[in-house]
Structures are given as C-alpha cells and as structure tokens.
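Each remark here refers to the structure printed beneath this line.
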Amino acid sequence: MEHAAAHGGAGEERRATLYVVATPIGNLADISQRALDVLRRVDAVAAEDTRVTRRLLAHYGIATRLIAVHEHNERRAAGQVLALLAAGKSLALTCDAGTPAISDPGALLVAAVRGAGYPVTPVPGPNAAVAALSASGFASPHFLFYGFLPERSAARRRALAALAPLPFTLVFHEAPHRVEACVADLRDGLGGERRIVLARELTKLFETLHECALAEAVEWLAGNALRRKGEFVLIVEGAVGAPAGDEAGRRALEVLLPELPLRQAVDLAARIGGGGKKELYRLALELKKP
C-alpha cells in the first residue's frame, strides 16, 4: 500500500493519518518544531506510557488527548486507533523516548494502520542507537543494529556466535541490570581485543561515552556503581577479515530468520553479505527446515 507524502511544512494538514513522531531520549530540547506542531494539531496521541508523554506535552503547553498503546495492549489498541482514523481523525504515535517501533512498541500498530489503507507519516528525530554510533568514532561504512540481545546467557551466546564473523560495527541496546553480564558475553563471544564504546544516559545530565577494549569493559563497569546506571547503547567493532559473499549471507540469515519473515530476512541478508537473492532464498528455505 503506497501513499503520497505531504510536505507542507509546519502548516501541513492531513486527516485520517497516523504520524510516527520521534521524541527526546533525555534532553527535552531535542525535539523538532515539526514534531511539536504535529503533537498540537492531531486529535489524539497514542503513547507508550501516557505519564511520560504527558510530561513532555505539558513542558510545551500541549493538551492533546492521550491513548495508551504499549506492548501489552498494542493489538487491542489498534482497533481504537483504526476507529478514530475511520472517523477522519489524525493521531500521533510516540514511545517513551526516541523513535517508535525501534526496540519499542509501535510496529504492530503501524502495520494495522497501513493494512487498513490509511497513510502513515514519519516525523523523524532522536534515536539513541544512531546518536551513540555518531559519537563512537568507528569508521566502518556499515553497521548492524541488533537491538536487545536475549536475556538469558545461553541464548545470548548463541546469537553472538552468529554475529562474531560479520565485518560490520555491531549496535546493541542493554538494560542496566544486565549490562555487566552482557558485556562479559560480548568479550567471550567476540574476542577481548575488539573495541567497544559504552554509551549511557545519552543527552541526560550524567551522559557517559567510554571506549576501551572488550577485555577491559567489565572491569570498567565494576569500578563504579554509577557506571552501571541508566540505559545503554553498546557499539562494538566488527570482525577483521570476516567472510564475505555467500558465507556472510549465511551468517546473516542465521541471525535474521528467527526474527523476521523469510523474504525480509533474505532481502537484508543480500544487502549485508552481498550475495544473490535467489541463492539466499534457497538457502533460507533449507535453514527453515526442521
């Protein structure tokens, strides 16, 4: 389903449209004028946590109606959103911080809205992973955004075994209560010689970006309890001399197939590894067999 985008600037007016609005990841000044205009103009804001979004709106004197759309009610809330769109209303979708549907709820709602034939318009802005990557200093022309690794160490190690040969800078999110265990598995699974940038509390008062070898990262975290507080983005160097072509495509498929539909996994694996889609599709079918 395709929709022509409207680019009317601050005064653009589109009815029965869902706007996907990126909001600050910490510093409330990191919001675009367009995002504020959209949040003022829409009939309702579908928010991951209405308390968080209410504070943001109040800071800018915005009193738009809020609807809760989070990971536990997203499918059910989609019906409410679709009903409002059917009535000609426009809505904004926000998450607690950053860009919706990127390691946050929103993708199911967006898919439902697009599937029903309504326009979905992104209003770009802050993203923690890209912010951290931009300040990492790693010069690789390609990166792989993985998001959150599995919570359990055994599953996390299996995921890292598939990622280890890839030549791309690796970007992860991690929670403070798991960061030490995660970094230890990164060291063991990827090799202690690789460089890592640990970015925490980005744009907030205690923002920290620390670069070191993976072999030193756990000790650095353990050296001060404050270093383990806040949300983390972990940027890790890619493998040197990693396999290319078919082998890189296979490795990419092994990571992507459990998470994505087959065709989407093949498309991304072809872009990552540079292999032919036809060959990768046959390989994906083989890998999907029980």
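Starting from 1 in every chain, residues are counted up; chains themselves are A, B, ... following the order of the structure tokens, and ligands are numbered from 1 as listed.
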Next on the checklist: I need the residues of segment 34-245 of chain A that end up classed as helix (DSSP H, G or I) by DSSP on the backbone, written out as number ranges by chain.
Outcome noted: A: 34-41, 50-59, 74-86, 107-115, 128-134, 153-163, 179-190, 214-222, 225-228, 245
Checklist entry - Residues at most 9 Å from segment 157-170 of chain A, counting only C-alpha atoms, excluding those fewer than 2 positions away in the same chain, as a VMD selection string? => result chain A and resid 138 to 146 149 to 150 152 to 155 172 185 to 186 188 to 191 234 to 244 248 251 to 252 254 to 255 272 to 273
Near segment 179-181 of chain A, within 12 Å and counting only C-alpha atoms, which residues show up once chain neighbours fewer than 2 positions away are dropped, as a short mmCIF file (atom, residue, chain, number, x, y, z; two decimals) with C-alpha atoms, in the first residue's frame?
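Below is the file that was written, around-v1.cif:
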```
data_model
loop_
_atom_site.label_atom_id
_atom_site.label_comp_id
_atom_site.auth_asym_id
_atom_site.auth_seq_id
_atom_site.Cartn_x
_atom_site.Cartn_y
_atom_site.Cartn_z
CA PHE A 148 18.45 -6.10 22.66
CA LEU A 149 20.30 -9.41 22.82
CA PRO A 150 18.45 -12.33 24.51
CA GLU A 151 18.12 -12.01 28.27
CA ARG A 152 19.47 -15.50 29.07
CA SER A 153 23.20 -16.01 28.74
CA ALA A 154 22.98 -19.26 26.75
CA ARG A 156 22.80 -14.55 24.10
CA ARG A 157 25.95 -16.55 23.43
CA PHE A 172 23.11 -3.18 20.84
CA HIS A 173 20.73 -1.81 23.44
CA GLU A 174 21.05 -3.06 27.01
CA ALA A 175 19.36 -2.51 30.36
CA PRO A 176 21.41 -1.51 33.43
CA HIS A 177 20.71 -4.69 35.42
CA VAL A 183 29.44 -7.22 28.17
CA ALA A 184 31.11 -10.34 29.60
CA ASP A 185 29.39 -12.44 26.92
CA LEU A 186 30.40 -9.91 24.26
CA ARG A 187 34.01 -10.27 25.37
CA ASP A 188 33.87 -14.08 25.37
CA LEU A 198 29.67 2.07 26.14
CA ALA A 199 27.19 4.94 25.84
CA ARG A 200 24.87 5.55 28.77
CA LEU A 214 36.20 -5.56 25.34
CA GLU A 216 38.66 -4.17 29.86
CA ALA A 217 34.95 -3.30 29.71
CA VAL A 218 33.65 -5.50 32.55
CA GLU A 219 36.33 -4.20 34.92
CA TRP A 220 35.45 -0.61 33.96
CA LEU A 221 31.76 -1.22 34.70
CA ALA A 222 32.58 -2.89 38.02
CA GLY A 223 34.82 0.00 39.06
CA ASN A 224 31.95 2.33 39.97
CA ALA A 225 28.28 1.52 40.60
CA ARG A 227 28.69 3.42 35.59
CA ARG A 228 26.03 0.68 35.55
CA LYS A 229 23.05 3.02 35.90
CA GLY A 230 20.87 4.22 33.03
CA GLU A 231 20.01 2.81 29.62
CA PHE A 232 22.95 1.66 27.48
CA VAL A 233 23.89 1.59 23.82
CA LEU A 234 26.86 -0.70 23.17
#
```
Next on the checklist: Just want the 9 Å neighbourhood of segment 112-127 of chain A, counted on only C-alpha atoms, with same-chain residues fewer than 5 positions away dropped. Output as a PyMOL selection string.
Outcome noted: chain A and resi 1-6+16-25+30-32+34-35+38+75+78-79+81-82+85-86+97-99+102+107+132
For Leu280 of chain A, please output as a PDB file with N, CA and C atoms, in the first residue's frame all residues within 10 Å (counting only C-alpha atoms; exclusion window: fewer than 3 positions along the same chain).
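Okay, this is what ended up in around-v7.pdb:
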```pdb
ATOM      1  N   ASP A 246      28.787 -15.463   0.056  1.00  0.00           N
ATOM      2  CA  ASP A 246      27.842 -16.473   0.483  1.00  0.00           C
ATOM      3  C   ASP A 246      27.937 -16.763   1.978  1.00  0.00           C
ATOM      4  N   GLY A 249      26.413 -14.005   3.914  1.00  0.00           N
ATOM      5  CA  GLY A 249      24.963 -14.091   3.746  1.00  0.00           C
ATOM      6  C   GLY A 249      24.359 -15.173   4.610  1.00  0.00           C
ATOM      7  N   ARG A 250      25.030 -16.328   4.683  1.00  0.00           N
ATOM      8  CA  ARG A 250      24.545 -17.419   5.537  1.00  0.00           C
ATOM      9  C   ARG A 250      24.515 -16.983   6.996  1.00  0.00           C
ATOM     10  N   LEU A 253      21.640 -14.689   7.563  1.00  0.00           N
ATOM     11  CA  LEU A 253      20.368 -15.407   7.595  1.00  0.00           C
ATOM     12  C   LEU A 253      20.168 -16.121   8.927  1.00  0.00           C
ATOM     13  N   ARG A 263      11.140 -13.539   3.482  1.00  0.00           N
ATOM     14  CA  ARG A 263      11.531 -12.638   2.388  1.00  0.00           C
ATOM     15  C   ARG A 263      12.276 -11.417   2.903  1.00  0.00           C
ATOM     16  N   ALA A 265      14.070 -11.284   5.641  1.00  0.00           N
ATOM     17  CA  ALA A 265      15.387 -11.746   6.068  1.00  0.00           C
ATOM     18  C   ALA A 265      16.319 -11.923   4.877  1.00  0.00           C
ATOM     19  N   VAL A 266      15.798 -12.458   3.776  1.00  0.00           N
ATOM     20  CA  VAL A 266      16.609 -12.650   2.569  1.00  0.00           C
ATOM     21  C   VAL A 266      17.053 -11.312   2.005  1.00  0.00           C
ATOM     22  N   ASP A 267      16.125 -10.349   1.939  1.00  0.00           N
ATOM     23  CA  ASP A 267      16.477  -9.028   1.411  1.00  0.00           C
ATOM     24  C   ASP A 267      17.603  -8.396   2.222  1.00  0.00           C
ATOM     25  N   ALA A 269      19.753  -9.962   4.247  1.00  0.00           N
ATOM     26  CA  ALA A 269      20.971 -10.764   4.145  1.00  0.00           C
ATOM     27  C   ALA A 269      21.710 -10.458   2.852  1.00  0.00           C
ATOM     28  N   ALA A 270      20.972 -10.221   1.769  1.00  0.00           N
ATOM     29  CA  ALA A 270      21.609  -9.877   0.494  1.00  0.00           C
ATOM     30  C   ALA A 270      22.323  -8.535   0.597  1.00  0.00           C
ATOM     31  N   GLY A 273      25.449  -9.256   3.116  1.00  0.00           N
ATOM     32  CA  GLY A 273      26.517 -10.122   2.631  1.00  0.00           C
ATOM     33  C   GLY A 273      26.889  -9.935   1.183  1.00  0.00           C
ATOM     34  N   GLY A 275      25.384 -11.251  -1.385  1.00  0.00           N
ATOM     35  CA  GLY A 275      25.079 -12.414  -2.212  1.00  0.00           C
ATOM     36  C   GLY A 275      23.842 -12.210  -3.059  1.00  0.00           C
ATOM     37  N   GLY A 276      23.582 -13.169  -3.967  1.00  0.00           N
ATOM     38  CA  GLY A 276      22.403 -13.101  -4.813  1.00  0.00           C
ATOM     39  C   GLY A 276      21.154 -13.527  -4.054  1.00  0.00           C
ATOM     40  N   LYS A 277      20.048 -12.826  -4.275  1.00  0.00           N
ATOM     41  CA  LYS A 277      18.822 -13.119  -3.538  1.00  0.00           C
ATOM     42  C   LYS A 277      18.282 -14.517  -3.852  1.00  0.00           C
ATOM     43  N   LEU A 283      18.816 -20.958   0.227  1.00  0.00           N
ATOM     44  CA  LEU A 283      19.491 -21.261   1.488  1.00  0.00           C
ATOM     45  C   LEU A 283      18.559 -21.049   2.684  1.00  0.00           C
ATOM     46  N   ALA A 284      17.784 -19.979   2.624  1.00  0.00           N
ATOM     47  CA  ALA A 284      16.844 -19.686   3.718  1.00  0.00           C
ATOM     48  C   ALA A 284      15.820 -20.799   3.867  1.00  0.00           C
ATOM     49  N   LEU A 285      15.320 -21.323   2.756  1.00  0.00           N
ATOM     50  CA  LEU A 285      14.371 -22.438   2.820  1.00  0.00           C
ATOM     51  C   LEU A 285      14.994 -23.655   3.479  1.00  0.00           C
ATOM     52  N   GLU A 286      16.277 -23.889   3.186  1.00  0.00           N
ATOM     53  CA  GLU A 286      16.971 -25.009   3.813  1.00  0.00           C
ATOM     54  C   GLU A 286      17.124 -24.787   5.319  1.00  0.00           C
TER      55      GLU A 286
END
```
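Excluding segment 42-58 of chain A and any residue on its chain fewer than 5 positions from it, the residues at most 7 Å away by only C-alpha atoms are Ala63, Thr64, Arg65, Leu66, Ile67, Ala68, Val69, His70, Lys89, Ser90, Leu91, Ala92, Leu93, Thr94, Cys95 and Asp96 of chain A.
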Item to check | Residue set, segment 108-222 of chain A restricted to strand (DSSP E or B), as a list in words | outcome: Val120, Thr121, Pro122, Val123, Phe143, Leu144, Phe145, Tyr146, Gly147, Phe148, Thr169, Leu170, Val171, Phe172, His173, Glu174, Arg195, Ile196, Val197, Leu198, Ala199, Arg200, Thr208, Leu209, His210, Glu211, Cys212 and Ala213 of chain A
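Nearest-residue note for Ala129 of chain A: choosing from A:Arg76, A:Glu201, A:Glu247, A:Leu36, the minimum distance belongs to A:Glu201, counting only C-alpha atoms.
When atom CA of Pro100 of chain A is paired with atom CA of Arg15 of chain A, their separation reads 20.7 Å.
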